[in-house]
$ cat my_file.txt   # compact mmCIF, C-alpha atoms
# COMPACT_ATOMS: atom_id res chain seq x y z
CA MET A 181 18.09 1.85 -2.52
CA GLY A 182 19.42 0.61 0.79
CA MET A 183 20.45 -2.81 2.02
CA THR A 184 17.27 -4.59 1.05
CA GLY A 185 15.72 -2.26 -1.47
CA LYS A 186 12.35 -3.75 -0.58
CA GLN A 187 9.51 -1.42 -1.50
CA PRO A 188 7.22 0.02 1.19
CA PHE A 189 4.28 -2.37 1.62
CA GLU A 190 1.94 0.44 0.59
CA ALA A 191 3.38 0.16 -2.93
CA ILE A 192 2.65 -3.58 -2.94
CA VAL A 193 -0.96 -2.90 -1.93
CA SER A 194 -1.32 -0.17 -4.59
CA ALA A 195 0.09 -2.35 -7.33
CA HIS A 196 -1.79 -5.57 -6.56
CA ALA A 197 -4.94 -4.75 -4.55
CA GLY A 198 -7.17 -4.68 -7.64
CA THR A 199 -5.93 -7.96 -9.07
CA VAL A 200 -6.19 -9.77 -5.75
CA VAL A 201 -9.73 -8.54 -5.10
CA ARG A 202 -10.78 -9.67 -8.60
CA VAL A 203 -9.22 -13.08 -8.00
CA CYS A 204 -11.00 -13.37 -4.64
CA ARG A 205 -14.33 -12.34 -6.18
CA ALA A 206 -13.91 -14.82 -9.03
CA VAL A 207 -12.97 -17.72 -6.78
CA LEU A 208 -15.29 -17.00 -3.82
CA GLY A 209 -18.01 -14.66 -5.02
CA PRO A 210 -18.59 -11.13 -3.74
CA ALA A 211 -19.90 -12.09 -0.28
CA ASP A 212 -16.68 -13.65 1.00
CA ALA A 213 -14.15 -11.86 -1.22
CA ASP A 214 -13.54 -8.95 1.16
CA ASP A 215 -12.64 -11.23 4.06
CA ALA A 216 -10.27 -13.23 1.87
CA TRP A 217 -8.67 -10.03 0.52
CA SER A 218 -8.15 -8.64 4.02
CA GLU A 219 -6.73 -11.90 5.36
CA THR A 220 -4.44 -12.15 2.34
CA PHE A 221 -2.88 -8.72 2.70
CA LEU A 222 -2.63 -8.92 6.49
CA SER A 223 -0.86 -12.25 6.22
CA ALA A 224 1.37 -10.97 3.39
CA MET A 225 2.30 -7.87 5.41
CA LYS A 226 3.31 -10.05 8.37
CA ALA A 227 5.60 -12.14 6.17
CA TYR A 228 6.80 -9.33 3.89
CA PRO A 229 10.14 -8.52 5.61
CA GLY A 230 11.23 -12.14 5.04
CA LEU A 231 10.15 -12.35 1.40
CA PRO A 232 13.18 -12.93 -0.88
CA ALA A 233 14.03 -9.79 -2.84
CA ASP A 234 13.66 -11.56 -6.20
CA ALA A 235 10.26 -13.15 -5.41
CA ASN A 236 7.39 -12.76 -7.87
CA VAL A 237 5.14 -10.67 -5.63
CA GLU A 238 1.92 -11.24 -7.57
CA ALA A 239 2.37 -15.04 -7.61
CA TRP A 240 3.16 -14.90 -3.88
CA LEU A 241 -0.01 -12.89 -3.17
CA VAL A 242 -2.19 -15.19 -5.29
CA THR A 243 -0.75 -18.19 -3.44
CA ILE A 244 -1.72 -16.63 -0.12
CA ALA A 245 -5.14 -15.63 -1.51
CA HIS A 246 -5.72 -19.23 -2.64
CA ARG A 247 -5.09 -20.53 0.89
CA LYS A 248 -7.19 -17.80 2.48
CA ALA A 249 -10.03 -18.53 0.06
CA ILE A 250 -9.97 -22.16 1.18
CA ASP A 251 -10.05 -21.04 4.84
CA VAL A 252 -12.93 -18.66 4.17
CA THR A 253 -14.87 -21.36 2.29
CA ARG A 254 -14.38 -23.82 5.16
CA ALA A 255 -15.43 -21.25 7.74
CA ALA A 256 -18.51 -20.41 5.67
CA ALA A 257 -19.32 -24.12 5.33
CA ARG A 258 -19.15 -24.52 9.12
CA ARG A 259 -21.61 -21.67 9.55
CA ALA A 260 -23.97 -22.66 6.76
CA ILE A 261 -26.61 -25.34 6.49
CA PRO A 262 -25.15 -28.05 4.23
CA VAL A 263 -26.32 -27.85 0.64
CA ALA A 264 -25.68 -30.03 -2.37
CA GLU A 265 -22.41 -29.64 -4.26
CA PRO A 266 -22.77 -27.39 -7.29
CA PRO A 267 -23.23 -29.49 -10.42
CA ASP A 268 -20.33 -29.86 -12.84
CA THR A 269 -22.51 -28.95 -15.77
CA ILE A 270 -24.60 -25.89 -15.72
CA THR A 271 -27.90 -24.90 -17.19
CA GLU A 272 -28.26 -22.32 -19.88
CA PRO A 273 -29.13 -18.86 -18.62
CA SER A 274 -32.88 -18.67 -18.97
CA GLY A 275 -33.90 -15.75 -21.06
CA ARG A 276 -32.53 -12.98 -18.85
CA HIS A 277 -31.81 -9.76 -20.66
CA ASP A 278 -31.59 -7.34 -17.79
CA LEU A 279 -28.12 -8.33 -16.66
CA ASP A 280 -24.90 -6.63 -17.55
CA VAL A 281 -22.63 -8.80 -19.65
CA GLY A 282 -20.11 -8.84 -16.79
CA ASP A 283 -22.69 -10.05 -14.27
CA ASP A 284 -23.62 -12.82 -16.63
CA LEU A 285 -20.00 -13.95 -16.89
CA ALA A 286 -19.55 -13.76 -13.11
CA GLU A 287 -22.63 -15.93 -12.61
CA VAL A 288 -21.55 -18.53 -15.12
CA LEU A 289 -18.01 -18.65 -13.69
CA ALA A 290 -19.36 -19.00 -10.16
CA ARG A 291 -21.01 -22.30 -11.11
CA LEU A 292 -17.80 -23.91 -12.43
CA PRO A 293 -16.02 -26.57 -10.35
CA ALA A 294 -13.47 -25.03 -7.98
CA LYS A 295 -10.34 -26.16 -9.87
CA GLN A 296 -11.60 -24.74 -13.17
CA LYS A 297 -12.56 -21.46 -11.52
CA GLN A 298 -9.16 -21.21 -9.83
CA ALA A 299 -7.22 -22.07 -13.00
CA ILE A 300 -9.12 -19.43 -14.99
CA ALA A 301 -8.79 -16.77 -12.27
CA TYR A 302 -5.08 -17.30 -11.65
CA HIS A 303 -4.20 -17.49 -15.35
CA TYR A 304 -6.56 -14.97 -16.94
CA LEU A 305 -7.05 -12.50 -14.08
CA ALA A 306 -3.68 -12.68 -12.30
CA GLY A 307 -1.71 -13.46 -15.46
CA LEU A 308 0.22 -16.39 -13.98
CA PRO A 309 1.65 -18.94 -16.40
CA TYR A 310 0.13 -22.44 -16.08
CA ALA A 311 3.26 -23.71 -14.30
CA GLY A 312 2.59 -21.06 -11.64
CA VAL A 313 -1.09 -21.97 -11.54
CA ALA A 314 -0.20 -25.64 -11.05
CA ALA A 315 2.19 -24.77 -8.22
CA ILE A 316 -0.74 -23.15 -6.42
CA ILE A 317 -3.63 -25.55 -7.11
CA GLY A 318 -1.58 -28.76 -7.23
CA GLY A 319 -1.19 -31.24 -10.08
CA SER A 320 0.72 -30.86 -13.30
CA THR A 321 1.04 -27.86 -15.58
CA ASP A 322 -0.96 -29.75 -18.22
CA ALA A 323 -3.71 -30.51 -15.73
CA ALA A 324 -3.93 -26.81 -14.85
CA ARG A 325 -4.13 -25.91 -18.54
CA ARG A 326 -6.85 -28.54 -19.07
CA ALA A 327 -8.86 -27.31 -16.09
CA ALA A 328 -8.85 -23.79 -17.53
CA ALA A 329 -9.72 -25.07 -21.03
CA ASP A 330 -12.61 -27.16 -19.68
CA GLY A 331 -13.92 -24.19 -17.74
CA ILE A 332 -13.65 -21.92 -20.75
CA ALA A 333 -15.51 -24.48 -22.88
CA THR A 334 -18.39 -24.25 -20.40
CA LEU A 335 -18.21 -20.45 -20.40
CA ARG A 336 -18.42 -20.50 -24.18
CA ARG A 337 -21.61 -22.54 -24.06
CA SER A 338 -23.27 -20.49 -21.34
CA TYR A 339 -21.96 -16.96 -21.43
CA THR A 340 -23.72 -14.85 -24.02
CA GLY A 341 -20.77 -12.49 -24.45
CA ALA A 342 -18.47 -15.34 -25.48
CA ALA A 343 -19.49 -14.90 -29.10
CA ALA A 344 -17.09 -11.98 -29.16
CA TRP A 345 -14.12 -14.22 -28.24
CA LYS A 346 -13.46 -15.45 -31.70
CA GLY A 347 -10.72 -15.91 -34.14
CA GLU A 348 -7.98 -17.96 -32.53
CA PRO A 349 -7.52 -21.71 -32.58
CA ASP A 350 -7.55 -23.47 -29.23
CA GLU A 351 -4.59 -25.31 -27.73
CA HIS A 352 -5.18 -28.36 -29.95
CA GLY A 353 -5.05 -26.27 -33.08
CA ARG A 354 -8.76 -26.62 -33.72
CA SER A 355 -10.61 -23.57 -34.77
CA VAL A 356 -13.17 -22.60 -32.21
CA SER A 357 -16.30 -20.71 -33.00
CA MET B 842 -9.00 -18.85 -27.87
CA ASN B 843 -8.74 -15.09 -27.78
CA THR B 844 -6.98 -14.57 -24.46
CA ASP B 845 -7.23 -10.80 -24.44
CA ASP B 846 -11.02 -10.83 -24.84
CA LEU B 847 -11.48 -13.32 -22.03
CA SER B 848 -9.08 -11.48 -19.70
CA ARG B 849 -10.81 -8.20 -20.48
CA ASP B 850 -14.32 -9.58 -19.86
CA LEU B 851 -13.23 -11.31 -16.64
CA THR B 852 -11.50 -8.18 -15.40
CA ARG B 853 -14.68 -6.19 -16.07
CA ALA B 854 -16.89 -8.83 -14.47
CA PHE B 855 -14.92 -8.90 -11.22
CA THR B 856 -13.85 -5.30 -10.84
CA ASP B 857 -15.25 -3.91 -7.63
CA PRO B 858 -17.30 -0.73 -7.28
CA PRO B 859 -15.51 2.63 -6.99
CA GLY B 860 -14.31 3.40 -3.48
CA HIS B 861 -14.38 -0.24 -2.46
CA LEU B 862 -10.62 -0.75 -2.64
CA SER B 863 -10.00 2.27 -0.48
CA ARG B 864 -12.35 0.83 2.17
CA LEU B 865 -10.44 -2.46 2.01
CA HIS B 866 -7.20 -0.50 2.37
CA ASP B 867 -8.50 1.26 5.51
CA ARG B 868 -9.61 -2.06 6.95
CA LEU B 869 -6.11 -3.48 6.31
CA ALA B 870 -4.48 -0.49 8.03
CA ALA B 871 -6.72 -0.97 11.08
CA ALA B 872 -6.01 -4.72 11.21
CA ALA B 873 -2.27 -4.16 10.79
CA GLN B 874 -2.34 -1.66 13.66
CA GLN B 875 -4.27 -4.10 15.87
CA ASN B 876 -1.86 -6.91 15.05
CA GLY B 877 1.17 -4.78 15.87
CA ILE B 878 2.66 -5.08 12.38
CA LEU B 879 2.16 -1.50 11.21
CA ASP B 880 5.81 -0.58 11.73
CA VAL B 881 5.52 2.78 9.96
CA ALA B 882 2.27 4.69 9.35
CA TYR B 883 2.32 7.75 7.12
CA HIS B 884 0.03 10.52 5.98
CA ILE B 885 0.55 13.49 3.66
CA VAL B 886 -0.94 16.81 4.79
CA ASP B 887 -1.26 20.12 2.97
CA SER B 888 0.42 23.14 4.53
CA PRO B 889 1.53 26.68 3.67
CA VAL B 890 4.97 25.19 2.93
CA GLY B 891 3.57 22.55 0.57
CA PRO B 892 2.59 18.92 1.13
CA LEU B 893 4.31 17.47 4.19
CA LEU B 894 4.81 13.75 4.63
CA LEU B 895 4.37 12.67 8.27
CA ALA B 896 5.55 9.21 9.33
CA ALA B 897 5.32 7.56 12.74
CA THR B 898 6.39 4.30 14.35
CA GLU B 899 4.73 2.88 17.47
CA GLN B 900 7.28 4.95 19.42
CA GLY B 901 6.43 8.28 17.87
CA LEU B 902 6.86 10.64 14.97
CA ILE B 903 9.94 9.56 13.02
CA ARG B 904 9.90 11.71 9.90
CA VAL B 905 8.53 14.93 8.49
CA ALA B 906 9.46 15.51 4.85
CA TYR B 907 9.04 18.31 2.36
CA ALA B 908 7.92 17.49 -1.17
CA SER B 909 11.34 18.70 -2.36
CA GLU B 910 12.88 15.74 -0.54
CA ASP B 911 10.80 13.41 -2.81
CA HIS B 912 8.20 11.60 -0.73
CA ASP B 913 8.66 8.30 -2.58
CA ALA B 914 12.38 8.41 -1.88
CA VAL B 915 11.69 9.23 1.78
CA LEU B 916 9.33 6.24 2.10
CA GLN B 917 11.89 3.99 0.44
CA ALA B 918 14.53 5.21 2.90
CA LEU B 919 12.15 4.41 5.78
CA ALA B 920 11.60 0.94 4.29
CA ASP B 921 15.36 0.40 4.15
CA ARG B 922 16.28 1.86 7.53
CA VAL B 923 13.26 1.07 9.72
CA SER B 924 10.94 -1.53 8.14
CA PRO B 925 9.17 -2.11 4.82
CA ARG B 926 5.90 -2.69 6.71
CA ILE B 927 4.67 0.78 5.82
CA LEU B 928 1.10 1.85 5.07
CA ASN B 929 -0.67 5.09 4.36
CA ALA B 930 -2.59 5.15 7.65
CA PRO B 931 -3.63 8.63 8.79
CA GLY B 932 -4.96 7.47 12.18
CA ARG B 933 -1.56 7.42 13.87
CA LEU B 934 -0.78 10.91 12.57
CA HIS B 935 -4.00 12.63 13.67
CA THR B 936 -2.50 14.48 16.63
CA THR B 937 0.55 15.60 14.67
CA ALA B 938 -1.61 16.80 11.78
CA ARG B 939 -3.89 18.71 14.16
CA GLU B 940 -0.95 20.36 15.95
CA LEU B 941 0.58 21.37 12.62
CA ASP B 942 -2.74 22.93 11.57
CA GLU B 943 -2.78 24.91 14.80
CA TYR B 944 0.84 25.93 14.31
CA PHE B 945 0.27 27.17 10.76
CA ALA B 946 -2.82 29.03 11.96
CA GLY B 947 -0.64 30.86 14.53
CA ARG B 948 -2.39 29.16 17.45
CA ARG B 949 0.40 26.83 18.59
CA ARG B 950 3.98 27.57 19.62
CA SER B 951 5.37 24.15 20.43
CA PHE B 952 4.66 20.51 19.69
CA ASP B 953 4.13 17.79 22.25
CA VAL B 954 3.82 14.60 20.17
CA PRO B 955 6.25 11.80 21.10
CA LEU B 956 9.28 11.61 18.79
CA ASP B 957 11.17 8.59 17.51
CA TRP B 958 14.77 9.81 17.16
CA ARG B 959 16.26 6.71 15.60
CA LEU B 960 17.04 8.34 12.24
CA SER B 961 19.44 10.72 13.91
CA ALA B 962 22.50 9.74 15.94
CA GLY B 963 25.58 11.11 17.63
CA PHE B 964 26.39 14.79 17.57
CA ARG B 965 23.66 15.54 15.03
CA ARG B 966 21.08 14.20 17.43
CA THR B 967 22.59 16.20 20.27
CA VAL B 968 22.31 19.35 18.17
CA LEU B 969 18.70 18.64 17.16
CA SER B 970 17.68 17.87 20.73
CA HIS B 971 18.74 21.40 21.71
CA LEU B 972 16.78 23.20 18.97
CA PRO B 973 13.47 23.35 20.90
CA GLU B 974 15.36 25.60 23.35
CA ILE B 975 15.23 28.36 20.73
CA SER B 976 11.81 29.69 21.50
CA TYR B 977 9.05 30.39 19.03
CA GLY B 978 9.52 33.65 17.16
CA HIS B 979 13.27 33.79 17.93
CA THR B 980 16.33 32.71 16.01
CA ALA B 981 19.83 31.60 16.95
CA SER B 982 23.07 31.51 14.99
CA TYR B 983 24.80 28.28 14.03
CA ALA B 984 27.58 29.28 16.44
CA ALA B 985 25.11 29.80 19.29
CA VAL B 986 23.63 26.37 18.68
CA ALA B 987 27.11 24.83 18.64
CA GLN B 988 27.57 26.36 22.06
CA LEU B 989 24.21 25.04 23.27
CA ALA B 990 25.25 21.56 22.08
CA GLY B 991 28.45 21.81 24.09
CA SER B 992 30.90 22.01 21.16
CA PRO B 993 31.41 25.73 20.43
CA ARG B 994 33.75 25.05 17.51
CA ALA B 995 31.46 22.59 15.71
CA VAL B 996 29.63 25.32 13.77
CA ARG B 997 29.81 23.45 10.46
CA ALA B 998 28.52 20.26 12.08
CA VAL B 999 25.51 22.21 13.35
CA GLY B 1000 24.79 23.16 9.74
CA THR B 1001 24.98 19.50 8.74
CA ALA B 1002 22.71 18.47 11.62
CA CYS B 1003 20.10 21.02 10.52
CA ALA B 1004 20.39 19.99 6.87
CA THR B 1005 19.71 16.36 7.82
CA ASN B 1006 16.98 17.01 10.40
CA PRO B 1007 14.48 14.13 10.00
CA LEU B 1008 11.79 16.15 11.79
CA PRO B 1009 11.71 19.66 10.27
CA VAL B 1010 9.07 22.15 11.48
CA ILE B 1011 8.49 20.02 14.60
CA VAL B 1012 12.17 20.22 15.58
CA PRO B 1013 12.75 23.88 14.69
CA CYS B 1014 15.91 23.93 12.60
CA HIS B 1015 14.32 26.80 10.68
CA ARG B 1016 15.16 29.01 13.69
CA VAL B 1017 18.90 28.57 13.08
CA VAL B 1018 20.27 31.41 10.93
CA ARG B 1019 23.61 32.95 10.01
CA ALA B 1020 25.40 35.19 12.52
CA ASP B 1021 25.45 38.03 9.95
CA GLY B 1022 21.65 38.00 9.81
CA GLY B 1023 21.42 35.93 6.63
CA MET B 1024 18.86 33.16 6.48
CA GLY B 1025 21.31 30.33 5.89
CA GLY B 1026 20.19 27.20 4.09
CA TYR B 1027 17.15 25.05 4.71
CA LEU B 1028 16.34 21.49 3.77
CA GLY B 1029 12.83 22.55 2.69
CA GLY B 1030 14.14 25.39 0.57
CA ILE B 1031 14.76 28.98 1.55
CA GLU B 1032 11.17 30.02 0.75
CA ALA B 1033 9.82 27.55 3.31
CA LYS B 1034 12.25 28.86 5.93
CA ARG B 1035 11.15 32.42 5.24
CA THR B 1036 7.47 31.41 5.48
CA LEU B 1037 7.99 29.75 8.87
CA LEU B 1038 10.02 32.64 10.32
CA THR B 1039 7.52 35.19 9.02
CA LEU B 1040 4.64 33.21 10.51
CA GLU B 1041 6.35 33.04 13.88
CA ALA B 1042 7.31 36.73 13.85
CA ALA B 1043 3.71 37.74 13.14
CA ALA B 1044 1.91 35.54 15.63
$ encode --input "my_file.txt" --output "structure tokens"
Amino acid sequence: MGMTGKQPFEAIVSAHAGTVVRVCRAVLGPADADDAWSETFLSAMKAYPGLPADANVEAWLVTIAHRKAIDVTRAAARRAIPVAEPPDTITEPSGRHDLDVGDDLAEVLARLPAKQKQAIAYHYLAGLPYAGVAAIIGGSTDAARRAAADGIATLRRSYTGAAAWKGEPDEHGRSVS
Amino acid sequence: MNTDDLSRDLTRAFTDPPGHLSRLHDRLAAAAQQNGILDVAYHIVDSPVGPLLLAATEQGLIRVAYASEDHDAVLQALADRVSPRILNAPGRLHTTARELDEYFAGRRRSFDVPLDWRLSAGFRRTVLSHLPEISYGHTASYAAVAQLAGSPRAVRAVGTACATNPLPVIVPCHRVVRADGGMGGYLGGIEAKRTLLTLEAAA
């Protein structure tokens, strides 16, 4: 190790590319995820020499991805014909059996409100603690935890594979089925 | 809430198709190049002397490394000494890779890619800059090279310069041998030195 000991950026890409693309796909959907991923890593590479040596690289990347996702969403909104906001509650999947379980989950997650989607993606896909999630999406740690819990409650109602997530009590100590 | 199940299902739901990440990586390398932030591009090529790591800055080829030098350690040293903005980006190394192919096929006797000499300084650099004067298929003794470099008594320093050559094969330190006819050492291992000298003698 030399003066900085900072890894080659290639190692950062190798270690985190998969997580960041999953986060982008979860938050934005597949159509815009590639642009957000590319913008995230380009921006990170620009800033990388100045990143403190003890920084949490994954949290840093997710923070950048969050901002880039907002930019991409705004740019898409400027291009698109305005449509109604997605509803907060979602309808039950209607008798579709041809979808992979994963597709089903992706569809259900896509219809969650943005904050819930972000809280779930940053906590469950990127593995950030709720304090880290809150630092990115704003608000308190508790609010971030609640947003994720609310989103998961909706997933449980709508995602057919959720039946397999059993066994543990939720954050309030209640047993969930 | 079973966290592991949810994380596993989400990871599966949002994992991209095979090959997709490598396309994103290529797109990043191209964008980094366009934005002038690809400080070091590298590429690993196969050769008769094993995998060779090639690395180039905007100025030129800065490093050629044998596998025995540990490519990860070489990249880390480049991160420390030049810049950590390093990507596996073969585009910048195309000409070097092609010229090396031609060289190993016996169809090329010298290299004309631009070189970035910043990893070598002082007398070592002076020594290395004289090595291309030893023509293809010939050898010179450490003492003869010391003379070429203008310091006839610095024979040992010539050995050190060769042992720390950041651009082996391209800058032909393999053509420097012992005055008694022995091969002398080589940073890529004695087998690699023998392979290169045999190749050049045959072509």
$ atom_distance --input "my_file.txt" --atom1 "CA of Asp880 in chain B" --atom2 "CA of Ala962 in chain B"
20.1 Å
$ closest_residue --input "my_file.txt" --among "B:Val890, B:Leu941, B:Leu919, B:Leu865" --to "Asp214 in chain A" --atoms "only C-alpha atoms"
B:Leu865
$ residues_around --input "my_file.txt" --residues "Thr967 in chain B" --least-positions-apart "3" --cutoff "12 Å" --atoms "all atoms listed in the file" --output "ChimeraX atom specification"
/B:958,961-964,970-973,986-992,995,998-999,1002-1003,1006
$ closest_residue --input "my_file.txt" --among "A:Ala333, A:Ala255, A:Ala314, A:Leu292" --to "chain B" --atoms "all atoms listed in the file"
A:Ala333
$ atom_distance --input "my_file.txt" --atom1 "CA of Ile250 in chain A" --atom2 "CA of Val203 in chain A"
12.9 Å
$ atom_distance --input "my_file.txt" --atom1 "CA of Val923 in chain B" --atom2 "CA of Val881 in chain B"
7.9 Å
$ closest_residue --input "my_file.txt" --among "A:Met225, A:Leu231, A:Ala195, A:Val200" --to "Ile927 in chain B" --atoms "all atoms listed in the file"
A:Met225
$ residues_near_point --input "my_file.txt" --point "(5.5, -14.1, 5.3)" --cutoff "12 Å" --atoms "all atoms listed in the file" --output "compact mmCIF listing (two decimals) with C-alpha atoms, in the coordinates of the input"
# COMPACT_ATOMS: atom_id res chain seq x y z
CA THR A 220 -4.44 -12.15 2.34
CA PHE A 221 -2.88 -8.72 2.70
CA LEU A 222 -2.63 -8.92 6.49
CA SER A 223 -0.86 -12.25 6.22
CA ALA A 224 1.37 -10.97 3.39
CA MET A 225 2.30 -7.87 5.41
CA LYS A 226 3.31 -10.05 8.37
CA ALA A 227 5.60 -12.14 6.17
CA TYR A 228 6.80 -9.33 3.89
CA PRO A 229 10.14 -8.52 5.61
CA GLY A 230 11.23 -12.14 5.04
CA LEU A 231 10.15 -12.35 1.40
CA PRO A 232 13.18 -12.93 -0.88
CA ALA A 235 10.26 -13.15 -5.41
CA VAL A 237 5.14 -10.67 -5.63
CA TRP A 240 3.16 -14.90 -3.88
CA LEU A 241 -0.01 -12.89 -3.17
CA THR A 243 -0.75 -18.19 -3.44
CA ILE A 244 -1.72 -16.63 -0.12
CA ILE B 878 2.66 -5.08 12.38
CA ARG B 926 5.90 -2.69 6.71
$ interface_residues --input "my_file.txt" --of "chain B" --to "chain A" --cutoff "9 Å" --atoms "only C-alpha atoms" --output "VMD selection string"
chain B and resid 842 to 857 862 865 to 866 868 to 870 872 to 873 876 878 to 879 914 916 to 922 924 to 929
$ closest_residue --input "my_file.txt" --among "A:Tyr302, A:Ala256, A:Arg291, A:Val313" --to "Ala211 in chain A" --atoms "only C-alpha atoms"
A:Ala256
$ residues_near_point --input "my_file.txt" --point "(-4.9, -24.1, -10.9)" --cutoff "6 Å" --atoms "only C-alpha atoms" --output "PDB file with C-alpha atoms, in the frame of the given file"
ATOM      1  CA  LYS A 295     -10.340 -26.160  -9.870  1.00  0.00           C
ATOM      2  CA  GLN A 298      -9.160 -21.210  -9.830  1.00  0.00           C
ATOM      3  CA  ALA A 299      -7.220 -22.070 -13.000  1.00  0.00           C
ATOM      4  CA  VAL A 313      -1.090 -21.970 -11.540  1.00  0.00           C
ATOM      5  CA  ALA A 314      -0.200 -25.640 -11.050  1.00  0.00           C
ATOM      6  CA  ILE A 317      -3.630 -25.550  -7.110  1.00  0.00           C
ATOM      7  CA  ALA A 324      -3.930 -26.810 -14.850  1.00  0.00           C
TER       8      ALA A 324
END
$ closest_residue --input "my_file.txt" --among "B:Ile975, B:Gly1026, B:Gln875, B:Pro889" --to "Ala946 in chain B" --atoms "all atoms listed in the file"
B:Pro889
$ closest_residue --input "my_file.txt" --among "B:Ser982, B:Ala1044, B:Ser951, B:Leu1008" --to "Asp1021 in chain B" --atoms "all atoms listed in the file"
B:Ser982
